[in-house]
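To keep things clear, I will list the structure first and then write my remarks on it.
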Amino acid sequence: MNAKKKLLLIGAGPTSSLISYNIAKNAKLKNAVDIHVFEKSRGIGGRFATSRSTKNPDCLADLGAQYLTQSQSKQSLKPYFETLTKAALVRPLETSAIPGFRVDPTKSHYACVKGTSSIVKHFFEQASLEKTDMVFDCRVIKISKAEPGKVEVTTEKQGTSTFDIVISTMPVPQILQLENSSELLADLDMKRNLSMVKYSTRFALGLFFDAEIRLASSAQPLNFIENDPVFRYWSIENLKRTGTYNEPTSVVLHTNINYGAENAEEDKDALKPQLLEKTVEIIPEAASIPLDSVKSHKWRYSQVLESYAEKPGCIKLSDNIYAAGDGFSESGFEGCIYSAERAVAMIEASMNL
């Protein structure tokens with residue numbers, strides 16, 4: 001019996017979790033590879049990030065993705081939503097009465113009852129991936145071809161490790177920022193296509209009130225702001241997730257695309273006072289919240305604005321080195337699903353199983 005191949009997923013966000021899930025469902029691949037994960041942050045989720053209050057762990061806030069969207073035209077993706085519904089991780093999110101929400105009758109939306117990070121954790125768990133298979137606070141700085149059929153991955157703190165197959169799910173610009181990108185990306189057409197992938201930058205502010213309160217500003221779970229120089233959106237998180245006020249109140253605000261672009265190189269903490277001052281204009285109750293109950297986050301690579309040419313889902317960077325993620329499809333959960341399915345199909349084909 002042949003030894004299993006060591007497969008590394010770079011990133012512990014939705015695409016990596018869906019790759020793991022699809023490998024686990026594929027009997028041939030499941031018995032052919034051992035999955036490992038390197039994640040630069042301290043936990044699972046990526047842009048599906050859920051934060052907890054330091055004072056009340058029941059007070060949650062989704063600082064990244066806010067909800068899931070299902071397209072009626074993509075029936076092949078329906079089972080993913082069904083498994084989440086069966087696990088009681090999502091519930092239908094009614095948006096028809098929300099001012100400013102762009103209603104599309106061909107799409108349904110779902111709130112993540114336990115936070116968006118629970119979606120990523122679910123698919124990793126369904127793949128029987130343990131935390132011992134994952135290394136956190138592990139930023140990859142170099143991906144190199146090694147001896148025939150091997151790939152060396154160098155990280156900032158942990159040194160160099162060798163794998164048989166590597167799939168990067170990091171945002172596309174970070175591939176171009178690798179120390180050996182010129183060597184890795186020898187195909188100039190591919191390198192040009194990678195450089196044309198564009199993302200928005202957003203700043204998020206999470207306010208943890210730690211107790212159930214009713215905000216005078218709005219009774220809507222989602223709130224869209226028109227013609228504001230800073231913010232585009234804010235949510236009452238407990239109301240969004242559960243449809244009730246029966247949990248501690250938290251609020252998340254997202255800046256608009258223009259503000260993100262203008263401040264893309266700024267530090268999140270430097271902008272925090274300015275963002276909080278603006279928040280009070282929108283949500284007066286924020287004036288009394290302690291500073292240690294406010295969390296700021298910078299999404300340098302937030303939503304995909306321009307995808308990789310022809311949206312292949314996954315591409316081969318070099319021998320046994322692949323790149324996947326919604327930058328190769330379209331922004332959002334469905335884009336991550338498509339990318340994961342393409343990545344698994346390419347790996348299976350490369351192994352001649």
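Quick note on naming: the chains in the structure tokens go A, B, ... in the order shown, residues restart at 1 in each chain, and ligands are numbered from 1 in order of appearance.
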
Those of segment 6-244 of chain A in DSSP strand (DSSP E or B), formatted as a count of residues only: 70

Ser318 of chain A environment, 8 Å, only C-alpha atoms, sequence neighbours closer than 6 positions dropped, as a PyMOL selection string: chain A and resi 145+184-185

Nearest to Tyr338 of chain A, chosen from A:Pro14, A:Pro273, A:Gly206, A:Pro171, with only C-alpha atoms counted in the distances: A:Pro14

Selected residue of minimal separation from Val280 of chain A among A:Ala32, A:Cys112, A:Ile19, A:Leu215, counting only C-alpha atoms: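 The shortest atom-to-atom distance to Val280 of chain A comes from A:Leu215.
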
Selection near segment 227-243 of chain A, 10 Å with only C-alpha atoms, sequence-local residues under 6 positions removed, as a ChimeraX atom specification: /A:58-63,66-67,89-94,100,110-116,202-208,212,214-215,218-221,249-260,274-275,278-279,282-283

Nearby residues (only C-alpha atoms) at most 6 Å from Phe38 of chain A, same-chain spacing under 2 positions excluded, as a PyMOL selection string: chain A and resi 10-11+134-135+138
